[in-house]
file entry.cif (mmCIF, C-alpha atoms)
data_input
loop_
_atom_site.group_PDB
_atom_site.id
_atom_site.type_symbol
_atom_site.label_atom_id
_atom_site.label_comp_id
_atom_site.auth_asym_id
_atom_site.auth_seq_id
_atom_site.Cartn_x
_atom_site.Cartn_y
_atom_site.Cartn_z
ATOM 1 C CA MET A 1 0.000 0.000 0.000
ATOM 2 C CA SER A 2 1.441 3.374 -0.964
ATOM 3 C CA MET A 3 1.550 6.362 1.388
ATOM 4 C CA LEU A 4 -1.139 8.107 -0.659
ATOM 5 C CA GLU A 5 -3.439 5.115 -0.362
ATOM 6 C CA ALA A 6 -2.892 5.106 3.410
ATOM 7 C CA GLY A 7 -4.157 8.708 3.585
ATOM 8 C CA ALA A 8 -0.780 10.431 3.875
ATOM 9 C CA LYS A 9 -0.478 13.799 2.180
ATOM 10 C CA PRO A 10 2.143 14.131 -0.565
ATOM 11 C CA LEU A 11 5.179 16.187 0.332
ATOM 12 C CA PRO A 12 5.076 19.694 -1.113
ATOM 13 C CA ARG A 13 7.435 20.281 -4.008
ATOM 14 C CA ARG A 14 10.285 22.589 -3.241
ATOM 15 C CA ARG A 15 10.056 25.707 -5.386
ATOM 16 C CA MET A 16 13.178 26.678 -7.319
ATOM 17 C CA GLN A 17 14.675 30.070 -6.440
ATOM 18 C CA VAL A 18 14.140 32.367 -9.408
ATOM 19 C CA MET A 19 17.505 34.115 -9.208
ATOM 20 C CA SER A 20 20.484 34.605 -6.934
ATOM 21 C CA LEU A 21 23.338 37.041 -6.436
ATOM 22 C CA THR A 22 27.053 36.559 -6.189
ATOM 23 C CA GLU A 23 28.611 37.931 -3.019
ATOM 24 C CA ALA A 24 30.069 40.846 -5.015
ATOM 25 C CA ALA A 25 26.637 41.785 -6.395
ATOM 26 C CA ALA A 26 25.012 41.470 -2.957
ATOM 27 C CA GLU A 27 27.692 43.693 -1.424
ATOM 28 C CA ARG A 28 27.189 46.333 -4.122
ATOM 29 C CA VAL A 29 23.376 46.259 -3.774
ATOM 30 C CA ARG A 30 23.575 46.487 0.037
ATOM 31 C CA ALA A 31 25.870 49.524 -0.268
ATOM 32 C CA ALA A 32 23.583 51.206 -2.823
ATOM 33 C CA ILE A 33 20.492 50.622 -0.677
ATOM 34 C CA ALA A 34 22.274 51.953 2.416
ATOM 35 C CA ALA A 35 23.191 55.120 0.492
ATOM 36 C CA SER A 36 19.627 55.688 -0.759
ATOM 37 C CA GLU A 37 17.915 58.849 0.423
ATOM 38 C CA LYS A 38 14.500 57.125 0.559
ATOM 39 C CA PRO A 39 13.408 53.974 2.400
ATOM 40 C CA VAL A 40 13.975 50.934 0.191
ATOM 41 C CA ALA A 41 12.074 47.640 0.508
ATOM 42 C CA GLY A 42 14.381 45.897 -1.960
ATOM 43 C CA LEU A 43 15.789 45.826 -5.464
ATOM 44 C CA ARG A 44 13.191 45.339 -8.194
ATOM 45 C CA VAL A 45 14.622 43.258 -11.049
ATOM 46 C CA GLY A 46 12.804 42.567 -14.286
ATOM 47 C CA VAL A 47 12.936 42.540 -18.044
ATOM 48 C CA LYS A 48 11.412 44.840 -20.645
ATOM 49 C CA ASN A 49 11.018 44.763 -24.397
ATOM 50 C CA GLY A 50 13.574 46.819 -26.268
ATOM 51 C CA GLY A 51 17.064 46.943 -27.690
ATOM 52 C CA CYS A 52 18.402 45.328 -30.814
ATOM 53 C CA ALA A 53 18.187 41.784 -29.389
ATOM 54 C CA GLY A 54 14.640 42.193 -28.095
ATOM 55 C CA MET A 55 14.806 42.524 -24.298
ATOM 56 C CA SER A 56 16.834 44.198 -21.600
ATOM 57 C CA TYR A 57 17.186 43.754 -17.857
ATOM 58 C CA THR A 58 15.752 46.388 -15.545
ATOM 59 C CA MET A 59 16.699 47.279 -11.980
ATOM 60 C CA GLU A 60 15.372 49.936 -9.646
ATOM 61 C CA TYR A 61 14.881 50.595 -5.975
ATOM 62 C CA ALA A 62 11.507 49.380 -4.733
ATOM 63 C CA GLU A 63 9.895 51.435 -2.006
ATOM 64 C CA ALA A 64 7.263 48.752 -1.399
ATOM 65 C CA LYS A 65 6.462 45.176 -2.385
ATOM 66 C CA ALA A 66 3.701 44.793 -4.973
ATOM 67 C CA PRO A 67 1.028 42.203 -4.078
ATOM 68 C CA LEU A 68 2.146 39.595 -6.644
ATOM 69 C CA ASP A 69 5.913 40.172 -6.539
ATOM 70 C CA GLU A 70 8.159 37.137 -6.237
ATOM 71 C CA VAL A 71 10.284 37.885 -3.154
ATOM 72 C CA ILE A 72 13.805 36.500 -2.960
ATOM 73 C CA GLU A 73 16.094 36.904 0.041
ATOM 74 C CA ASP A 74 19.715 36.218 -0.878
ATOM 75 C CA LYS A 75 22.873 37.213 1.008
ATOM 76 C CA GLY A 76 21.072 39.924 2.966
ATOM 77 C CA VAL A 77 19.401 41.458 -0.106
ATOM 78 C CA THR A 78 15.684 41.492 -0.892
ATOM 79 C CA ILE A 79 14.949 41.103 -4.597
ATOM 80 C CA LEU A 80 11.434 41.756 -5.895
ATOM 81 C CA ILE A 81 10.453 40.310 -9.268
ATOM 82 C CA ASP A 82 7.293 41.101 -11.185
ATOM 83 C CA PRO A 83 5.417 37.841 -11.861
ATOM 84 C CA LYS A 84 5.580 38.515 -15.643
ATOM 85 C CA ALA A 85 9.406 38.363 -15.473
ATOM 86 C CA VAL A 86 9.796 35.193 -13.375
ATOM 87 C CA LEU A 87 10.055 32.694 -16.239
ATOM 88 C CA PHE A 88 12.502 34.960 -18.099
ATOM 89 C CA LEU A 89 14.803 35.180 -15.052
ATOM 90 C CA LEU A 90 14.511 31.604 -13.737
ATOM 91 C CA GLY A 91 17.958 30.306 -12.822
ATOM 92 C CA SER A 92 19.719 33.661 -13.335
ATOM 93 C CA VAL A 93 22.688 34.833 -11.300
ATOM 94 C CA MET A 94 23.386 38.537 -10.918
ATOM 95 C CA ASP A 95 27.034 39.561 -10.610
ATOM 96 C CA VAL A 96 29.168 42.698 -10.813
ATOM 97 C CA LYS A 97 31.659 43.177 -13.627
ATOM 98 C CA THR A 98 34.411 45.720 -13.027
ATOM 99 C CA ASP A 99 36.953 46.769 -15.602
ATOM 100 C CA LYS A 100 39.350 49.665 -15.993
ATOM 101 C CA PHE A 101 36.628 52.218 -16.773
ATOM 102 C CA ALA A 102 33.348 51.008 -15.281
ATOM 103 C CA SER A 103 31.527 48.738 -12.905
ATOM 104 C CA THR A 104 28.172 47.266 -13.903
ATOM 105 C CA PHE A 105 25.729 44.538 -12.961
ATOM 106 C CA VAL A 106 25.660 41.549 -15.314
ATOM 107 C CA PHE A 107 23.351 38.548 -15.537
ATOM 108 C CA SER A 108 24.209 34.945 -16.220
ATOM 109 C CA ASN A 109 20.866 33.679 -17.484
ATOM 110 C CA PRO A 110 20.358 30.123 -18.785
ATOM 111 C CA ASN A 111 17.291 31.365 -20.701
ATOM 112 C CA GLU A 112 19.250 33.792 -22.902
ATOM 113 C CA THR A 113 19.399 32.669 -26.509
ATOM 114 C CA ALA A 114 21.311 35.626 -27.988
ATOM 115 C CA ALA A 115 22.813 38.989 -27.083
ATOM 116 C CA CYS A 116 23.489 42.114 -29.080
ATOM 117 C CA GLY A 117 27.036 43.189 -29.817
ATOM 118 C CA CYS A 118 26.881 46.259 -27.593
ATOM 119 C CA GLY A 119 25.783 44.263 -24.550
ATOM 120 C CA GLU A 120 22.666 46.354 -23.895
ATOM 121 C CA SER A 121 20.013 43.787 -24.801
ATOM 122 C CA VAL A 122 19.402 40.048 -24.986
ATOM 123 C CA ALA A 123 17.005 37.556 -26.483
ATOM 124 C CA ILE A 124 15.383 35.431 -23.774
ATOM 125 C CA THR A 125 13.151 32.393 -24.138
ATOM 126 C CA PRO A 126 11.012 31.966 -21.022
ATOM 127 C CA ALA A 127 11.530 28.784 -19.022
ATOM 128 C CA LYS A 128 8.637 26.361 -18.801
ATOM 129 C CA ALA A 129 6.454 26.884 -15.724
ATOM 130 C CA GLU A 130 7.231 23.330 -14.586
ATOM 131 C CA ALA A 131 10.860 24.392 -14.091
ATOM 132 C CA LEU A 132 9.784 26.372 -11.008
ATOM 133 C CA THR A 133 8.939 23.201 -9.122
ATOM 134 C CA GLY A 134 11.324 20.834 -10.827
ATOM 135 C CA ALA A 135 8.434 18.790 -12.264
#

call {"tool": "encode", "arguments": {"input": "entry.cif", "output": "structure tokens"}}
result
Amino acid sequence: MSMLEAGAKPLPRRRMQVMSLTEAAAERVRAAIAASEKPVAGLRVGVKNGGCAGMSYTMEYAEAKAPLDEVIEDKGVTILIDPKAVLFLLGSVMDVKTDKFASTFVFSNPNETAACGCGESVAITPAKAEALTGA
């Protein structure tokens, strides 16, 4: 007799974390939030249509959590993701790239299928919804 037949409830599936930060990115975000002149609830990360490859990443301070935001806590940073962006960002890692002239946030995203030559936009194929729960 299986556990389900005996009346046991199935174990809930563990939900995959949508994105994470490297320690360098978390340190930079924490410093930026601490320097903000307004109260900040977290960093809002998303994607928008535009650029020569089709999409670009967006980041901004969030003063409040929206009702349907995906909330991620990683390395002391709160990341808020609009539900429309979740499948585009699934499995992404945000890092900081520093070179001789600039420092910028970069994304390692397994859903990217192409990027433009200037580095401002990407083509992203959304992950399947089942990928959130590992089904």

call {"tool": "resolve_selection", "arguments": {"input": "entry.cif", "expression": "the PyMOL selection byres ((chain A and resi 108-119) around 12)", "output": "VMD selection string"}}
result
chain A and resid 18 to 22 47 50 to 57 85 to 97 104 to 107 120 to 128 131

call {"tool": "atom_distance", "arguments": {"input": "entry.cif", "atom1": "CA of Ala64 (chain A)", "atom2": "CA of Pro39 (chain A)"}}
result
8.9 Å

call {"tool": "resolve_selection", "arguments": {"input": "entry.cif", "expression": "the PyMOL selection byres ((chain A and resi 46) around 7)", "output": "MDAnalysis selection string"}}
result
chainID A and resid 44:45 47:48 57:59 81:82 85

call {"tool": "write_last_selection", "arguments": {"input": "entry.cif", "atoms": "C-alpha atoms", "output": "CSV table (one decimal), keeping the file's coordinate frame"}}
result
chain,number,residue,atom,x,y,z
A,44,ARG,CA,13.2,45.3,-8.2
A,45,VAL,CA,14.6,43.3,-11.0
A,47,VAL,CA,12.9,42.5,-18.0
A,48,LYS,CA,11.4,44.8,-20.6
A,57,TYR,CA,17.2,43.8,-17.9
A,58,THR,CA,15.8,46.4,-15.5
A,59,MET,CA,16.7,47.3,-12.0
A,81,ILE,CA,10.5,40.3,-9.3
A,82,ASP,CA,7.3,41.1,-11.2
A,85,ALA,CA,9.4,38.4,-15.5

call {"tool": "atom_distance", "arguments": {"input": "entry.cif", "atom1": "CA of Asp69 (chain A)", "atom2": "CA of Pro83 (chain A)"}}
result
5.8 Å

call {"tool": "atom_distance", "arguments": {"input": "entry.cif", "atom1": "CA of Ala31 (chain A)", "atom2": "CA of Asn49 (chain A)"}}
result
28.7 Å

call {"tool": "residues_around", "arguments": {"input": "entry.cif", "residues": "Ala26 (chain A)", "least_positions_apart": "2", "cutoff": "8 Å", "atoms": "only C-alpha atoms", "output": "PyMOL selection string"}}
result
chain A and resi 21-24+28-30+74-77

call {"tool": "axis_aligned_box", "arguments": {"input": "entry.cif", "around": "region 13-31 of chain A", "padding_each_side": "5 Å", "output": "JSON"}}
result
{"center_x": 18.8, "center_y": 34.9, "center_z": -4.7, "size_x": 32.6, "size_y": 39.2, "size_z": 19.4}

call {"tool": "residues_around", "arguments": {"input": "entry.cif", "residues": "Gly42 (chain A)", "least_positions_apart": "2", "cutoff": "7 Å", "atoms": "all atoms listed in the file", "output": "list in words"}}
result
Val40, Arg44, Tyr61, Ala62, Val77, Thr78, Ile79 and Leu80 of chain A

call {"tool": "closest_residue", "arguments": {"input": "entry.cif", "among": "A:Ala41, A:Glu63, A:Leu68, A:Thr98", "to": "Lys84 (chain A)", "atoms": "all atoms listed in the file"}}
result
A:Leu68
